[in-house]
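K.L.:
I have a structure here, written as structure tokens, and I will follow up with some questions on it.
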Amino acid sequence: MKKFLLTLTVAVAFQSYSAQEITLDKIYSGYYRGKGIAGITSMKNGENYLVIEPTGIAKYSYKTSQKEGNIVDGQFESYEFSDDESKILLQKESQQIYRHSFLGKFDIKDLKSGKVTSLNDGKPVQEPRFSPDATKVAFVSENNLYYQDLNSGKITQITQHGVKNKILNGLADWVYEEEFGHARLYEWTKNSDAIVFVKLDETEVPEIYIPIYGKSLYPQEMRYKYPKAGEKNSVVSAHIYQLSDGKKITVNLDNYKHYYIPNVVQTAKPDEIVLITSERIQNASDVLKVNTKTGAVQKLFTETDDKWIDTDSPTLEFLEDNSFLWGSERDGNRHLYWYDKDGKLKKQVTKGNWEVTDYYGFNPKSKEIYVQTTEKGSINKVVSKINIENGKSLLISNGEGNNAANFSKNYNYFIETSSTAAKPNTFVLKDGNGKTIKELQNNNDQLQKLKSDNFVEKEFITIPNDAGDQMNAWIIKPKNFDKNKKYPLFMFQYSGPGSQQVANSWDNGNAIWFEMLAQKGYIVACVDGRGTGYKGAKFKKSTYMNLGKYEIEDQITAAKWFGNQSYIDKTRIGMFGWSFGGYMTSLAMTKGADVFKTGIAVAPVTNWRYYDSVYTERFLRTPQENPDGYDKNSPTEYANLLKGKFLLIHGTADDNVHFQNSMEFSEALIQNKKQFDFMAYPDKNHGIYGGQTRPQLYQKMTDFLLENL
């Protein structure tokens with residue numbers, strides 16, 4: 001379960017509005033919509049970069065920041081260069097499947113000859129990828145893996161037995177995609193001689209079926225394999241396809257952890273691929289080097305943890321000499337470690353009471369790595385370069401807020417995207433030492449509109465919990481805040497493992513709605529309690545085997561702390577959350593019924609037995625091993641405690657957190673004679689959007705608050 005981003009703004013025709021007030025009409029008209037720069041990619045020469053514009057793929061100079069024309073004309077959703085930049089893969093249209101997967105139509109343009117070739121004869125495919133020598137493109141169609149020769153146009157089918165809801169080749173199943181964070185499960189070798197792919201056999205995985213109502217006389221059904229906690233998962237295996245003779249080799253992983261194979265990684269050398277594997281209990285991962293000529297396997301090392309490893313977000317980067325960088329929390333914070341090509345640890349590269357949150361690359365000339373970190377505080381993210389040999393570090397971004405970088409290939413330049421909670425995204429071109437060359441784009445117009453409508457900046461504070469931690473929090477007060485008055489408090493949170501809601505960054509989503517609520521007389525606050533991220537492994541993993549227990553204790557503690565402030569009416573405290581946050585709101589309204597008067601839970605998990613295996617077992621192990629961890633932290637067990645006004649919301653076609661969760665919780669409340677409000681959104685998934693759905697949803701939630709808090 002990834003944090004679900006709730007974006008309120010939509011692209012529609014501009015309308016004029018009077019100032020002084022934030023409204024849902026303004027939010028949904030796109031009036032406050034911000035601007036961005038799409039598809040930034042550095043060219044190989046390090047002197048030019050590309051972006052997606054309405055007229056095509058535009059080429060810009062780093063040195064002058066001036067546009068030098070389009071390398072391709074037309075409208076495209078996305079693009080990807082071949083390694084030698086002789087060809088470009090152009091995504092023309094797509095149809096979403098699940099969170100990451102989609103069917104797309106693609107063209108390949110030869111930038112030297114100008115020839116355009118349709119991939120797979122123009123039929124939709126999934127996960128296309130150039131071979132490193134730019135002569136072929138591999139792709140997945142109907143669960144089988146293929147490649148197309150770009151010289152002859154010939155399409156070669158690599159696998160034969162792909163079948164929906166049974167066999168997938170080179171493609172993730174639902175739970176792999178959702179919880180390991182990507183859909184592609186194949187990779188080319190560096191010399192383009194072979195493809196290593198993962199095969200998933202989901203024949204024995206239990207199937208979920210969801211009615212799709214539409215306007216049919218009889219509802220349709222959406223069926224797919226969904227392994228719930230403790231149930232059977234896909235049987236996975238790794239295979240090598242050698243292009244020279246079409247031979248396939250099954251990789252023997254019997255001596256290694258191989259229940260999951262989340263990642264297939266290209267190394268810097270020919271004829272080898274690395275697999276990252278894991279057992280079902282995700283507290284150990286093997287990093288395995290596979291010889292693609294022979295199928296021989298060499299274990300580089302095993303990463304272990306007494307609780308869990310973040311199998312969904314590994315950092316593994318091979319350098320030119322085939323040594324590699326690896327991200328680990330083994331010293332209590334997420335840092336980078338440098339290994340030689342045979343898996344022997346050379347040194348820990350980054351150290352300190354902060355975390356590496358992103359890795360951007362390595363400059364072999366200067367021996368420097370480029371990373372995003374929390375070294376300026378857990379609510380900030382900054383960009384630094386660090387010498388891999390002597391550890392010398394230089395901060396090259398702003399020192400506060402949320403800062404990210406897109407580097408030129410030679411690391412002489414980067415485009416910094418930065419924001420704070422008080423300032424929307426700004427895009428600035430800088431040199432490799434962080435000196436500003438030119439501001440490329442800002443969102444001052446967006447900010448001015450909000451300020452004209454009485455936008456109020458968030459205040460950041462910390463709140464103690466019962467375990468002795470200081471929890472990060474933000475608070476939005478009404479514009480004309482009077483410390484002698486008492487205000488109702490509306491708390492928002494997500495609270496899932498490793499997540500973060502309290503960040504010094506701009507929020508184009510719910511934050512604008514919260515500003516509107518503040519204008520209606522509410523104080524809005526958010527607290528990141530135990531289990532959330534960027535404050536070290538101990539804080540994040542303190543919820544292990546008891547998911548929900550300490551998280552709700554911290555939210556109740558925070559609500560009581562706020563209630564003791566002179567300006568909060570402790571009899572009028574409410575909570576809102578979506579997904580994991582909806583789960584927390586459901587617990588708040590039951591276990592915290594004496595504290596919370598009102599709650600809105602959107603798409604909540606209400607029993608972890610109903611959620612998927614990979615995510616849930618990472619933090620709770622299986623229900624067979626840890627039944628109390630599941631049942632004693634389920635809001636259905638406490639339905640008899642509900643006192644306040646509760647609004648439960650769910651989309652009937654939610655493929656992630658199934659509608660079943662809200663049905664079970666509803667039944668528990670009904671059997672305990674509890675009155676509550678319920679809203680079902682027909683055929684809507686976990687995001688609950690489409691047409692006028694979001695405006696109606698947020699109007700309903702606003703009205704519910706105004707009436708009940």
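Labels for the structure tokens follow display order: chains A, B, ..., residues from 1 in each chain, ligands from 1.
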Can you check which residues of stretch 277-515 of chain A DSSP gives as alpha helix (DSSP H) on the backbone and send them as a PyMOL selection string?
P.N.:
chain A and resi 444-452+510-515
K.L.:
Residues of stretch 68-100 of chain A in strand (DSSP E) according to DSSP, as a PDB file with C-alpha atoms, in the first residue's frame?
P.N.:
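As written to disk, part36.pdb reads:
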```pdb
ATOM      1  CA  GLU A  68      17.362  24.999 -29.660  1.00  0.00           C
ATOM      2  CA  GLY A  69      14.312  23.499 -31.334  1.00  0.00           C
ATOM      3  CA  ASN A  70      12.427  20.210 -31.201  1.00  0.00           C
ATOM      4  CA  ILE A  71      14.156  16.909 -31.774  1.00  0.00           C
ATOM      5  CA  VAL A  72      10.717  15.406 -32.497  1.00  0.00           C
ATOM      6  CA  ASP A  73       7.530  17.256 -33.404  1.00  0.00           C
ATOM      7  CA  SER A  78       6.419  10.150 -22.586  1.00  0.00           C
ATOM      8  CA  TYR A  79       9.682   9.251 -24.327  1.00  0.00           C
ATOM      9  CA  GLU A  80      12.904   7.321 -23.830  1.00  0.00           C
ATOM     10  CA  PHE A  81      16.264   7.508 -25.614  1.00  0.00           C
ATOM     11  CA  LYS A  87      16.702   6.482 -31.556  1.00  0.00           C
ATOM     12  CA  ILE A  88      13.838   7.608 -29.395  1.00  0.00           C
ATOM     13  CA  LEU A  89      10.839   5.628 -28.132  1.00  0.00           C
ATOM     14  CA  LEU A  90       7.695   7.781 -28.204  1.00  0.00           C
ATOM     15  CA  GLN A  91       4.611   6.980 -26.139  1.00  0.00           C
ATOM     16  CA  LYS A  92       1.578   8.241 -28.056  1.00  0.00           C
ATOM     17  CA  GLU A  93      -1.351   7.057 -25.978  1.00  0.00           C
ATOM     18  CA  SER A  94      -1.975   4.844 -22.988  1.00  0.00           C
ATOM     19  CA  GLN A  95      -4.674   3.079 -21.031  1.00  0.00           C
ATOM     20  CA  GLN A  96      -4.098   2.604 -17.299  1.00  0.00           C
TER      21      GLN A  96
END
```
K.L.:
List the spatial neighbours of A:Ala296 as a list in words - criterion: any atom at most 12 Å away, only C-alpha atoms, same-chain residues fewer than 2 positions off excluded.
P.N.:
His239, Ile240, Ile249, Thr250, Val251, Asn252, Leu253, Asn255, Asp271, Glu272, Ile273, Val274, Leu288, Lys289, Val290, Asn291, Thr292, Lys293, Thr294, Gln298 and Lys299 of chain A
K.L.:
Identify which of the residues A:Tyr147, A:Trp326, A:Tyr224, A:Trp578 lies closest to A:Lys347, counting only C-alpha atoms when measuring atom-to-atom distances.
P.N.:
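For A:Lys347, the nearest of the given residues is A:Trp326.
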K.L.:
Write out as a list in words the residues lying within 8 Å of A:Lys485, counting only C-alpha atoms and excluding same-chain residues fewer than 4 positions away.
P.N.:
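Skipping anything fewer than 4 positions along the chain leaves Ser566, Tyr567 and Ile568 of chain A.
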K.L.:
Using only C-alpha atoms, which protein or nucleic acid residues come within 12 Å of A:Ser152? Drop anything in the same chain fewer than 5 positions from it, and give the result as a list in words.
P.N.:
Thr117, Thr135, Lys136 and Tyr147 of chain A
K.L.:
I'd like a table as a tab-separated table: residues in stretch 308-391 of chain A with an atom no more than 12 Å from stretch 409-424 of chain A, each row giving the shortest atom pair and its distance in Å to one decimal, only C-alpha atoms counted, sorted by chain and rising residue number.
P.N.:
```
residue	atom	partner	partner_atom	distance
A:Tyr360	CA	A:Tyr411	CA	10.1
A:Gly361	CA	A:Tyr411	CA	8.8
A:Phe362	CA	A:Tyr411	CA	8.6
A:Asn363	CA	A:Tyr411	CA	6.7
A:Pro364	CA	A:Asn410	CA	9.4
A:Lys365	CA	A:Asn410	CA	9.0
A:Ser366	CA	A:Tyr411	CA	9.6
A:Lys367	CA	A:Tyr411	CA	11.3
A:Glu368	CA	A:Tyr411	CA	9.6
A:Ile369	CA	A:Tyr411	CA	10.0
A:Tyr370	CA	A:Tyr411	CA	9.0
A:Gln372	CA	A:Glu416	CA	11.4
A:Ile379	CA	A:Thr420	CA	10.0
A:Asn380	CA	A:Thr420	CA	8.6
A:Lys381	CA	A:Ser418	CA	9.4
A:Val382	CA	A:Ser418	CA	9.1
A:Val383	CA	A:Glu416	CA	8.9
A:Ser384	CA	A:Glu416	CA	11.7
A:Lys385	CA	A:Tyr411	CA	10.2
```
K.L.:
Can you pull out every residue within 9 Å of stretch 436-451 of chain A, counting only C-alpha atoms, but drop anything in the same chain fewer than 2 positions away, and send it as a PyMOL selection string?
P.N.:
chain A and resi 19-22+31-37+63-65+415+422-431+434+453-456+512
K.L.:
Residues as selected, C-alpha atoms, written as a PDB file, in the first residue's frame, can you do that?
P.N.:
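The resulting file, selection24.pdb, is reproduced below:
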```pdb
ATOM      1  CA  ALA A  19     -10.784  37.373  -4.239  1.00  0.00           C
ATOM      2  CA  GLN A  20     -10.698  36.851  -0.468  1.00  0.00           C
ATOM      3  CA  GLU A  21     -11.982  33.278  -0.259  1.00  0.00           C
ATOM      4  CA  ILE A  22     -10.859  29.791  -1.212  1.00  0.00           C
ATOM      5  CA  TYR A  31      -7.778  28.350 -10.714  1.00  0.00           C
ATOM      6  CA  TYR A  32      -4.965  27.501  -8.282  1.00  0.00           C
ATOM      7  CA  ARG A  33      -3.273  25.013 -10.573  1.00  0.00           C
ATOM      8  CA  GLY A  34       0.519  25.118 -10.538  1.00  0.00           C
ATOM      9  CA  LYS A  35       2.966  24.755 -13.428  1.00  0.00           C
ATOM     10  CA  GLY A  36       5.747  22.253 -13.936  1.00  0.00           C
ATOM     11  CA  ILE A  37       8.377  21.136 -16.425  1.00  0.00           C
ATOM     12  CA  LYS A  63      24.729  26.850 -20.731  1.00  0.00           C
ATOM     13  CA  THR A  64      22.295  29.402 -22.142  1.00  0.00           C
ATOM     14  CA  SER A  65      18.990  27.855 -20.981  1.00  0.00           C
ATOM     15  CA  ILE A 415      17.793  21.548 -12.621  1.00  0.00           C
ATOM     16  CA  ALA A 422       4.851  28.389   2.010  1.00  0.00           C
ATOM     17  CA  LYS A 423       6.205  28.484  -1.561  1.00  0.00           C
ATOM     18  CA  PRO A 424       5.170  26.368  -4.578  1.00  0.00           C
ATOM     19  CA  ASN A 425       7.615  24.609  -6.885  1.00  0.00           C
ATOM     20  CA  THR A 426      10.398  26.663  -8.417  1.00  0.00           C
ATOM     21  CA  PHE A 427      12.643  25.282 -11.180  1.00  0.00           C
ATOM     22  CA  VAL A 428      16.191  26.660 -11.173  1.00  0.00           C
ATOM     23  CA  LEU A 429      19.141  25.823 -13.421  1.00  0.00           C
ATOM     24  CA  LYS A 430      22.346  25.521 -11.369  1.00  0.00           C
ATOM     25  CA  ASP A 431      25.945  24.546 -11.987  1.00  0.00           C
ATOM     26  CA  GLY A 434      24.964  24.684  -6.667  1.00  0.00           C
ATOM     27  CA  ASP A 453      -7.657  34.553  -1.055  1.00  0.00           C
ATOM     28  CA  ASN A 454      -6.126  34.688   2.442  1.00  0.00           C
ATOM     29  CA  PHE A 455      -3.786  31.704   2.281  1.00  0.00           C
ATOM     30  CA  VAL A 456      -2.242  30.978   5.695  1.00  0.00           C
ATOM     31  CA  ILE A 512      -5.760  23.838  -0.403  1.00  0.00           C
TER      32      ILE A 512
END
```
K.L.:
How close does each residue of stretch 605-693 of chain A get to stretch 164-174 of chain A, giving the shortest atom pair and distance in Å to one decimal for every residue with an atom at most 10 Å away, counting only C-alpha atoms, sorted by chain and residue number, as a tab-separated table?
P.N.:
```
residue	atom	partner	partner_atom	distance
A:Asp612	CA	A:Trp174	CA	9.5
A:Asp655	CA	A:Trp174	CA	9.2
A:Asn656	CA	A:Trp174	CA	9.1
```
K.L.:
From the set A:Ser234, A:Thr189, A:Thr636, A:Ser141, which residue has the shortest atom-to-atom contact distance to A:Glu202, counting only C-alpha atoms?
P.N.:
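Answer, going by the shortest atom-to-atom distance: A:Ser234.
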